[in-house]
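Take a look at the structure below.
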Amino acid sequence: MFILWIKIILKNLKLEVNLITFLGFNNMFTHKRGVENVIHFQSQASPFRVNYYLNWDVQTRVYRYENLICIGIKKDVFWFVRLNVILFRLKKKNRKIFIHSHNPLMSIASIYQSNLFTVHDALYYLTSSKNHKLKNVFWFLEKILYLRCRYVHFISNYSKEMSLYNGKNKNFIIPNTSHFEKFIMSQVSFNSNVKTFSNGVIKVFTVRSIEERALINLIIEVADKLKSSEIEFLIAGKGPLLDFYREKIKERGLENIILLGYVSDNDLMIYYNCCDVVLVPAAYGEGFGLPIIEGYLFDKPVISSNVCAIPDVIITNEFLFENNIGSIISKLNFALRQKQIKYREYYNKWFSNKIVMSQMNDLYKKLF
């Protein structure tokens with residue numbers, strides 16, 4: 001029944017002679033953040049009009065997202081069978097399919113080699129940083145992964161250095177960009193009824209996944225230290241420790257720090273637009289640092305931890321802090337005094353949609 005269903009779907013799709021098939025994680029409509037945004041942007045850099053996106057889903061289904069024909073694969077014990085049936089049918093219908101994967105397990109399980117694999121944070125690096133009990137298994141999986149990929153794309157020098165990849169001439173480094181840029185260019189008005197910051201305070205904004213490596217506990221300590229000052233911290237993001245940190249804030253009676261939880265893209269832009277400083281703490285696992293360039297897109301100073309790929313992305317090392325209360329407060333004061341720096345110009349030069357899309361388009365053409 002499943003194979004018949006897939007045959008019907010592919011028969012009724014108008015396929016290109018060549019196409020890019022992206023392998024990702026989540027449904028574009030239910031979770032378009034992080035990797036999903038990167039894949040969507042890369043699909044716009046594709047030399048082909050129609051591209052495919054294969055993702056895990058609660059059920060097997062087909063949907064359209066702008067220039068992507070998306071096929072959701074039900075994630076159960078048989079997902080790898082469904083994946084390969086779909087890839088086989090796509091291959092049979094087309095002279096050539098180019099697989100660009102962001103999903104390590106899909107690349108390993110696929111009957112076809114991935115033509116290109118994008119590394120955000122290397123498997124073994126992340127698990128060993130957490131001292132995961134199965135970190136040696138992830139070491140093996142990462143080694144197998146690179147054998148299953150012809151070329152590898154890294155989002156930073158750091159993500160390459162932390163990987164187990166040892167190929168010489170088959171890797172490329174192209175940074176991320178921000179999907180918010182199109183809204184800036186179209187002069188969207190950032191007005192909303194959303195609760196932002198209090199009036200008359202210094203506004204510090206953070207976008208992080210609420211987990212251990214994001215050092216939310218350190219921001220709470222800084223907020224506690226500065227509770228008598230006219231400064232307010234707003235943190236956007238969800239994660240496993242959200243309720244835990246909210247309880248800590250409540251126990252301390254802090255009113256100058258708020259964990260917002262999930263925030264929509266529209267509201268994120270409002271927060272970026274009205275803040276004074278963007279704060280990006282990290283302990284490990286920061287293969288790029290997207291909130292940094294998003295802060296620059298909105299012409300805001302950004303201070304961040306002196307770890308991982310962050311020194312490669314930050315405008316100058318003067319905005320880097322060590323992961324302690326005193327260093328963060330010092331850099332907050334420093335950033336607030338930097339009125340002459342043109343952060344938006346820095347973004348435009350290195351991370352703009354135009355620059356990154358051109359690099360990705362050139363890479364696709366080269367590999368085809």
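Labels for the structure tokens follow display order: chains A, B, ..., residues from 1 in each chain, ligands from 1.
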
Strand (DSSP E or B) per DSSP on the backbone: members of stretch 95-324 of chain A, as a ChimeraX atom specification: /A:96-101,114-119,149-154,171-173,202-207,231-236,257-261,277-280,302-305,320-321

Residue contacts of stretch 31-34 of chain A (10 Å, only C-alpha atoms) excluding same-chain residues fewer than 6 positions away, as a ChimeraX atom specification: /A:25,40,120,179,264-265,290

Contacts of A:Leu19 at 8 Å (only C-alpha atoms; same-chain gap of 4+ positions) as a ChimeraX atom specification: /A:48,50-52,96-98

Given the selection you just returned, output its residues as a file containing N, CA and C atoms, formatted as a short mmCIF file (atom, residue, chain, number, x, y, z; two decimals), in the first residue's frame.
```cif
data_model
loop_
_atom_site.label_atom_id
_atom_site.label_comp_id
_atom_site.auth_asym_id
_atom_site.auth_seq_id
_atom_site.Cartn_x
_atom_site.Cartn_y
_atom_site.Cartn_z
N PHE A 48 17.98 25.05 -10.08
CA PHE A 48 16.79 24.41 -10.63
C PHE A 48 15.52 25.00 -10.04
N VAL A 50 12.54 23.59 -9.42
CA VAL A 50 11.86 22.77 -8.43
C VAL A 50 12.88 21.91 -7.70
N ASN A 51 12.75 21.84 -6.38
CA ASN A 51 13.63 21.02 -5.57
C ASN A 51 12.79 20.25 -4.56
N TYR A 52 13.38 19.23 -3.99
CA TYR A 52 12.67 18.38 -3.05
C TYR A 52 13.25 18.51 -1.65
N LYS A 96 19.17 12.41 -13.14
CA LYS A 96 20.11 12.61 -12.06
C LYS A 96 19.43 13.31 -10.90
N ILE A 97 19.70 12.85 -9.68
CA ILE A 97 19.28 13.60 -8.50
C ILE A 97 20.53 13.94 -7.69
N PHE A 98 20.55 15.14 -7.20
CA PHE A 98 21.66 15.63 -6.39
C PHE A 98 21.17 15.70 -4.97
#
```

Distance query A:Ile219 at most 12 Å, only C-alpha atoms, self and fewer than 3 positions along chain excluded, as a PyMOL selection string: chain A and resi 204-208+210+214-216+222-227+232-235+245+248-249+254+256-259+279-282+304-305+323-329+332

Atomic distance atom CA of A:Tyr296 - atom CA of A:Phe172, expressed in Å with one decimal: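 Interatomic distance here is 24.3 Å.
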
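Proximity to A:Ser101 at 9 Å, evaluated using only C-alpha atoms and with sequence-adjacent residues fewer than 5 positions away removed, yields A:Thr21, A:Phe22, A:Leu23, A:Gly24, A:Met106, A:Ser107, A:Ser114, A:Asn115, A:Leu116, A:Phe117, A:Thr118, A:Cys149.
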
May I have the selected residues written with N, CA and C atoms, as a compact mmCIF listing (two decimals), in the first residue's frame?
```txt
# COMPACT_ATOMS: atom_id res chain seq x y z
N THR A 21 17.69 17.26 -4.04
CA THR A 21 16.87 16.68 -2.99
C THR A 21 17.55 16.95 -1.65
N PHE A 22 16.91 17.77 -0.84
CA PHE A 22 17.45 18.11 0.48
C PHE A 22 16.93 17.11 1.51
N LEU A 23 17.81 16.67 2.38
CA LEU A 23 17.42 15.79 3.48
C LEU A 23 17.53 16.58 4.77
N GLY A 24 16.38 16.72 5.46
CA GLY A 24 16.36 17.52 6.68
C GLY A 24 15.70 16.80 7.83
N MET A 106 19.86 10.07 7.88
CA MET A 106 19.34 9.84 6.54
C MET A 106 20.47 9.57 5.55
N SER A 107 21.57 10.30 5.69
CA SER A 107 22.71 10.09 4.79
C SER A 107 23.31 8.70 4.97
N SER A 114 25.21 10.79 -0.45
CA SER A 114 24.87 12.22 -0.49
C SER A 114 25.95 12.94 -1.30
N ASN A 115 25.51 13.76 -2.25
CA ASN A 115 26.48 14.53 -3.03
C ASN A 115 27.14 15.60 -2.17
N LEU A 116 26.36 16.16 -1.24
CA LEU A 116 26.86 17.23 -0.38
C LEU A 116 26.22 17.08 0.99
N PHE A 117 27.02 17.22 2.02
CA PHE A 117 26.50 17.18 3.39
C PHE A 117 26.92 18.45 4.12
N THR A 118 25.96 19.12 4.77
CA THR A 118 26.26 20.33 5.54
C THR A 118 26.43 19.98 7.01
N CYS A 149 29.36 10.50 1.93
CA CYS A 149 29.17 11.83 1.31
C CYS A 149 30.34 12.14 0.39
```

Within 8 Å of A:Lys74 using only C-alpha atoms, minus same-chain residues under 3 positions, as a list in words: Trp56, Asp57, Val58, Gln59, Thr60 and Trp79 of chain A

Export N, CA and C atoms of the chosen residues as a tab-separated table (two decimals), in the first residue's frame?
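Listing of out24.tsv after writing:
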```tsv
chain	number	residue	atom	x	y	z
A	56	TRP	N	11.47	14.06	8.38
A	56	TRP	CA	10.70	13.21	9.27
A	56	TRP	C	9.38	13.90	9.61
A	57	ASP	N	8.34	13.08	9.80
A	57	ASP	CA	7.03	13.67	10.08
A	57	ASP	C	6.21	12.68	10.90
A	58	VAL	N	5.05	13.14	11.34
A	58	VAL	CA	4.18	12.25	12.11
A	58	VAL	C	3.43	11.29	11.19
A	59	GLN	N	3.41	11.60	9.91
A	59	GLN	CA	2.81	10.71	8.92
A	59	GLN	C	3.47	10.95	7.58
A	60	THR	N	3.37	9.99	6.68
A	60	THR	CA	3.94	10.15	5.35
A	60	THR	C	2.98	10.98	4.51
A	79	TRP	N	11.19	4.01	8.94
A	79	TRP	CA	11.42	5.25	8.21
A	79	TRP	C	12.48	5.11	7.13
```

Residue with smallest distance to A:Tyr65 - pool A:Phe138, A:Phe197, A:Phe29, A:Phe154, counting only C-alpha atoms: A:Phe29

Of the listed residues A:Pro301, A:Gly289, A:Gly295, A:Pro240, that which approaches A:Tyr158 most closely, counting only C-alpha atoms: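 Looking at the shortest contact to A:Tyr158, the residue is A:Gly289.
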
For A:Ile144: contacts at 12 Å, only C-alpha atoms, fewer than 3 positions along chain excluded, given as a list in words: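 The neighbour list is Pro104, Leu105, Ser107, Ile108, Ala109, Gln113, Leu123, Tyr124, Val137, Phe138, Trp139, Phe140, Leu141, Leu147, Arg148, Cys149, Leu164 and Tyr165 of chain A.
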